[in-house]
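Below is one structure, written out as structure tokens; comments come after it.
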Amino acid sequence: MPFNPSRMNSVQSPIIPTVAAMIQQHPGTISLGQGVVYYPPPPEAIAHISAFLAKPELHKYQPVEGIAPLLEQIALKLKAENGIAIDPQRRIVVTAGSNMGFLNAVLAITQPDDEIILQTPYYFNHEMAVTIAGCRPILVATDKQYQLRPDAIAQAITERTRAIVTISPNNPTGTVYPEAALRHINALCRDRGVYHIQDEAYEYFTYDGAQHFSPGSMLDSAEHTISLYSLSKAYGFASWRIGYMVIPTHLMAAVMKIQDTNVICPTVIAQYAAVGALQIGVRYCHEKLEAIAAVRQQLLQALSALGDRCTIPPSNGAFYVLLNLHTQLDALSLVEQLIQEHGVAAIPGTTFGLEKGCYLRVAYGALQPETAIEGIERLVKGLNAIL
């Protein structure tokens with residue numbers, strides 16, 4: 001009998017490896033596609049690895065929810081920076097990146113054919129996780145500024161809805177949702193008996209006065225709010241795979257079953273490094289943010305030369321700009337042409353659920369500033385030539 005992986009047939013293929021394969025065929029291409037930062041973990045993180053190596057017993061399995069020193073450090077950070085107190089209503093679970101946290105959450109609160117509301121453009125790994133879980137992603141379009149549409153979200157709720165997902169600062173748009181909008185969605189979730197899953201992986205990356213807000217800080221949010229965080233961006237921890245989730249206590253048993261089955265425990269050596277990173281704290285990210293912000297300004301200025309061939313909604317967070325290009329070209333074909341003819345790569349908007357129109361996600365945080373600026377020049381020159 002031939003193997004037929006029917007569950008996976010409905011899951012989209014990750015776009016990053018696809019674009020990476022194109023880049024490999026054209027050496028010298030500058031990628032403005034990958035959503036990572038240009039800087040490494042802080043030295044304090046590396047220094048903590050010696051504490052791990054000094055204890056041979058740590059080579060054995062450790063607690064499923066994470067090691068105690070890291071849980072304590074996360075609790076301090078949540079209270080000081082997010083206004084979230086860890087009390088009997090809430091628990092912390094350390095995960096192998098926030099993507100694992102999202103999949104943990106979906107599996108814990110759903111059964112097959114349940115519905116999860118995503119905003120479009122969505123983060124592709126979220127849509128993939130919902131589909132992998134056998135659930136239905138219900139897509140609600142954001143407005144022309146990529147902001148939330150609470151009335152449309154409310155209308156999308158059915159008896160099968162289990163959660164509404166928001167990401168702020170947002171991937172792929174770079175939008176930062178106002179506190180009032182997130183409060184509205186969180187209250188809607190409370191009133192309609194569904195969970196609010198808020199992804200805060202880019203919490204420190206805001207510009208031009210935009211302010212990050214954690215819905216989990218609301219006084220009545222503990223029972224229905226799932227908050228996801230990551231060290232990948234702020235601390236240059238992408239391959240170390242450390243994130244964490246704050247969940248209602250009543251979900252703890254389910255999440256422990258999922259995580260024990262999937263990974264047993266997050267990599268312990270990386271957890272020790274994470275302790276060191278959180279001890280040095282957000283100032284490490286803030287020291288690097290100035291360079292990223294400067295590249296962002298140069299990107300926006302350079303893109304303005306495209307004039308009415310491109311719409312660029314406000315992008316005050318993360319390190320992305322989602323371009324709406326006024327062309328009949330297919331987005332993936334445009335990406336291929338930019339790589340082949342102009343030596344620069346971006347990510348097509350189709351992977352974020354944008355089937356109509358031509359959109360490109362441009363990431364500006366992954367490269368040293370001088371390389372990023374050269375990539376921006378190639379991008380604008382290429383779009384000027386093609387559009």
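Residues are referred to by chain and number: the chain letter is A, B, ... according to the order shown in the structure tokens, the number counts from 1 in that chain, and ligands are numbered separately from 1 in the order shown.
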
Can you write out as a tab-separated table which residues of range 199-253 of chain A fall within 12 Å of range 273-294 of chain A, alongside each residue's closest atom pair and its distance in Å to one decimal, counting only C-alpha atoms and ordering rows by chain and ascending residue number?
```
residue	atom	partner	partner_atom	distance
A:Tyr202	CA	A:Cys285	CA	10.9
A:Glu203	CA	A:Val282	CA	10.2
A:Tyr204	CA	A:Cys285	CA	7.5
A:Phe205	CA	A:Leu289	CA	7.3
A:Thr206	CA	A:Ala293	CA	8.8
A:Tyr207	CA	A:Ala293	CA	7.2
A:Asp208	CA	A:Ala293	CA	9.4
A:Ser230	CA	A:Ala274	CA	10.4
A:Leu231	CA	A:Ala274	CA	7.6
A:Ser232	CA	A:Ala274	CA	10.2
A:Lys233	CA	A:Cys285	CA	8.7
A:Ala234	CA	A:Cys285	CA	5.3
A:Tyr235	CA	A:Cys285	CA	6.4
A:Gly236	CA	A:Cys285	CA	8.8
A:Phe237	CA	A:Ala274	CA	8.5
A:Ala238	CA	A:Ala274	CA	11.7
A:Trp240	CA	A:Ala273	CA	8.8
A:Arg241	CA	A:Ala274	CA	9.9
A:Ile242	CA	A:Ala274	CA	7.3
A:Gly243	CA	A:Ala274	CA	9.3
A:Tyr244	CA	A:Ala274	CA	10.9
```

Just list as a PyMOL selection string whatever in range 93-245 of chain A DSSP marks as alpha helix (DSSP H). chain A and resi 98-109+124-132+150-156+179-192

Now that the selection is made, can you save its residues with N, CA and C atoms as a short mmCIF file (atom, residue, chain, number, x, y, z; two decimals), in the first residue's frame?
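Writing the result to part_2.cif gives the following:
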```cif
data_model
loop_
_atom_site.label_atom_id
_atom_site.label_comp_id
_atom_site.auth_asym_id
_atom_site.auth_seq_id
_atom_site.Cartn_x
_atom_site.Cartn_y
_atom_site.Cartn_z
N SER A 98 8.84 29.85 20.56
CA SER A 98 7.41 30.17 20.71
C SER A 98 6.54 29.43 19.71
N ASN A 99 7.11 28.93 18.60
CA ASN A 99 6.32 28.08 17.71
C ASN A 99 5.82 26.84 18.43
N MET A 100 6.68 26.23 19.25
CA MET A 100 6.24 25.09 20.04
C MET A 100 5.16 25.51 21.03
N GLY A 101 5.31 26.69 21.62
CA GLY A 101 4.29 27.18 22.52
C GLY A 101 2.95 27.31 21.84
N PHE A 102 2.95 27.81 20.60
CA PHE A 102 1.69 27.95 19.87
C PHE A 102 1.06 26.60 19.59
N LEU A 103 1.85 25.64 19.13
CA LEU A 103 1.30 24.31 18.86
C LEU A 103 0.82 23.65 20.15
N ASN A 104 1.56 23.80 21.24
CA ASN A 104 1.10 23.31 22.54
C ASN A 104 -0.29 23.86 22.86
N ALA A 105 -0.44 25.17 22.67
CA ALA A 105 -1.70 25.82 23.01
C ALA A 105 -2.85 25.29 22.16
N VAL A 106 -2.63 25.20 20.85
CA VAL A 106 -3.69 24.73 19.96
C VAL A 106 -4.11 23.31 20.31
N LEU A 107 -3.14 22.43 20.53
CA LEU A 107 -3.47 21.04 20.86
C LEU A 107 -4.18 20.94 22.21
N ALA A 108 -3.83 21.82 23.14
CA ALA A 108 -4.40 21.74 24.49
C ALA A 108 -5.86 22.19 24.54
N ILE A 109 -6.27 23.07 23.63
CA ILE A 109 -7.60 23.68 23.76
C ILE A 109 -8.58 23.21 22.69
N PHE A 124 2.74 32.41 8.91
CA PHE A 124 2.49 31.13 8.24
C PHE A 124 2.62 29.93 9.16
N ASN A 125 3.54 29.95 10.13
CA ASN A 125 3.66 28.80 11.03
C ASN A 125 2.44 28.65 11.93
N HIS A 126 1.75 29.73 12.22
CA HIS A 126 0.50 29.62 12.98
C HIS A 126 -0.56 28.89 12.15
N GLU A 127 -0.72 29.30 10.92
CA GLU A 127 -1.70 28.65 10.05
C GLU A 127 -1.36 27.18 9.86
N MET A 128 -0.08 26.89 9.71
CA MET A 128 0.34 25.50 9.54
C MET A 128 0.05 24.68 10.79
N ALA A 129 0.30 25.24 11.98
CA ALA A 129 0.07 24.51 13.22
C ALA A 129 -1.41 24.20 13.41
N VAL A 130 -2.28 25.15 13.09
CA VAL A 130 -3.72 24.92 13.21
C VAL A 130 -4.15 23.78 12.30
N THR A 131 -3.63 23.77 11.08
CA THR A 131 -3.97 22.72 10.13
C THR A 131 -3.42 21.37 10.57
N ILE A 132 -2.19 21.35 11.06
CA ILE A 132 -1.58 20.11 11.55
C ILE A 132 -2.42 19.51 12.67
N PRO A 150 -12.17 44.51 14.99
CA PRO A 150 -12.88 43.78 16.05
C PRO A 150 -14.28 43.32 15.67
N ASP A 151 -15.03 44.13 14.94
CA ASP A 151 -16.39 43.73 14.57
C ASP A 151 -16.37 42.51 13.66
N ALA A 152 -15.44 42.49 12.71
CA ALA A 152 -15.33 41.34 11.81
C ALA A 152 -14.88 40.09 12.57
N ILE A 153 -13.99 40.28 13.53
CA ILE A 153 -13.55 39.16 14.35
C ILE A 153 -14.72 38.59 15.15
N ALA A 154 -15.52 39.47 15.74
CA ALA A 154 -16.68 39.01 16.53
C ALA A 154 -17.65 38.24 15.66
N GLN A 155 -17.85 38.70 14.42
CA GLN A 155 -18.79 38.02 13.53
C GLN A 155 -18.28 36.64 13.09
N ALA A 156 -16.97 36.43 13.17
CA ALA A 156 -16.39 35.16 12.74
C ALA A 156 -16.48 34.07 13.81
N GLU A 179 -3.19 49.43 22.50
CA GLU A 179 -3.69 48.81 23.72
C GLU A 179 -5.20 48.66 23.70
N ALA A 180 -5.90 49.69 23.24
CA ALA A 180 -7.37 49.64 23.24
C ALA A 180 -7.89 48.49 22.39
N ALA A 181 -7.26 48.25 21.24
CA ALA A 181 -7.70 47.17 20.36
C ALA A 181 -7.48 45.80 21.00
N LEU A 182 -6.31 45.62 21.65
CA LEU A 182 -6.04 44.35 22.29
C LEU A 182 -6.94 44.13 23.51
N ARG A 183 -7.23 45.19 24.24
CA ARG A 183 -8.19 45.08 25.35
C ARG A 183 -9.57 44.66 24.82
N HIS A 184 -9.95 45.22 23.70
CA HIS A 184 -11.25 44.88 23.10
C HIS A 184 -11.30 43.40 22.75
N ILE A 185 -10.26 42.90 22.09
CA ILE A 185 -10.24 41.49 21.69
C ILE A 185 -10.22 40.59 22.92
N ASN A 186 -9.43 40.95 23.92
CA ASN A 186 -9.35 40.12 25.11
C ASN A 186 -10.70 40.05 25.84
N ALA A 187 -11.38 41.19 25.93
CA ALA A 187 -12.71 41.20 26.55
C ALA A 187 -13.71 40.40 25.73
N LEU A 188 -13.59 40.48 24.40
CA LEU A 188 -14.45 39.69 23.53
C LEU A 188 -14.26 38.20 23.79
N CYS A 189 -13.01 37.78 23.93
CA CYS A 189 -12.72 36.37 24.22
C CYS A 189 -13.33 35.95 25.55
N ARG A 190 -13.17 36.80 26.55
CA ARG A 190 -13.75 36.51 27.87
C ARG A 190 -15.26 36.35 27.76
N ASP A 191 -15.91 37.28 27.08
CA ASP A 191 -17.38 37.29 27.02
C ASP A 191 -17.93 36.15 26.17
N ARG A 192 -17.16 35.71 25.17
CA ARG A 192 -17.66 34.65 24.27
C ARG A 192 -17.12 33.28 24.63
#
```

For a quick check of understanding, using only C-alpha atoms, which of A:Asn9, A:Met218, A:Thr110, A:Gln119 has the smallest distance to Arg160 in chain A?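 Among the listed residues, A:Thr110 lies closest to Arg160 in chain A.
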
Find the residues around Ile339 in chain A up to 9 Å (only C-alpha atoms counted), leave out those fewer than 5 positions away in its own chain, and share them as a list in words. Met22, Ile23, His26, Thr29, Ile30, Ser31, Leu334, Val344, Ala345 and Ala346 of chain A

Of the residues A:Asn384, A:Ser239, A:Thr142, A:Gln297, which is the one nearest to Pro41 in chain A, using only C-alpha atoms?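 Counting only C-alpha atoms, the residue closest to Pro41 in chain A is A:Ser239.
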
Can you list every residue of range 123-234 of chain A that has an atom at most 12 Å from range 252-265 of chain A, with its nearest atom pair and the distance in Å to one decimal, using only C-alpha atoms, ordered by chain then number, as a Markdown table?
```
| residue | atom | partner | partner_atom | distance |
| --- | --- | --- | --- | --- |
| A:Ala133 | CA | A:Ile258 | CA | 11.9 |
| A:Glu223 | CA | A:Met252 | CA | 11.9 |
| A:Ile226 | CA | A:Met252 | CA | 11.4 |
```

So that I can see what lies close to range 166-168 of chain A, please list as a list in words the residues with an atom at most 8 Å from it, counting only C-alpha atoms and leaving out residues fewer than 5 positions away in the same chain.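 With the cut-off at 8 Å, the set is Leu118, Gln119, Thr175, Val176, Tyr177, His196, Ile197, Gln198, Asp199, Glu200, Tyr202, Glu203, His212 and Gly317 of chain A.
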
Work out how far apart CA of Ser227 in chain A and CA of Gly66 in chain A are and give it in Å to one decimal. 16.4 Å

Contact residues around Leu367 in chain A with only C-alpha atoms at 9 Å, ignoring same-chain residues under 5 positions, as a list in words: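 Counting only the stated atoms, we get Ile30, Ser31, Leu32, Val36, Val37, Tyr38, Tyr39, Ala372 and Ile373 of chain A.
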
Residue neighbourhood Ile117 in chain A, 6 Å, only C-alpha atoms, exclusion window fewer than 4 positions, as number ranges by chain: A: 137-139, 164

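Taking CA of Gly382 in chain A and CA of Gly343 in chain A as the two end points, the separation is 8.8 Å.
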
Name the closest residue to Gly33 in chain A among the candidates A:Tyr123, A:Tyr195, A:Tyr359, A:Tyr320; distances are taken between atoms, counting only C-alpha atoms.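 Of A:Tyr123, A:Tyr195, A:Tyr359, A:Tyr320, the one nearest Gly33 in chain A, counting only C-alpha atoms, is A:Tyr320.
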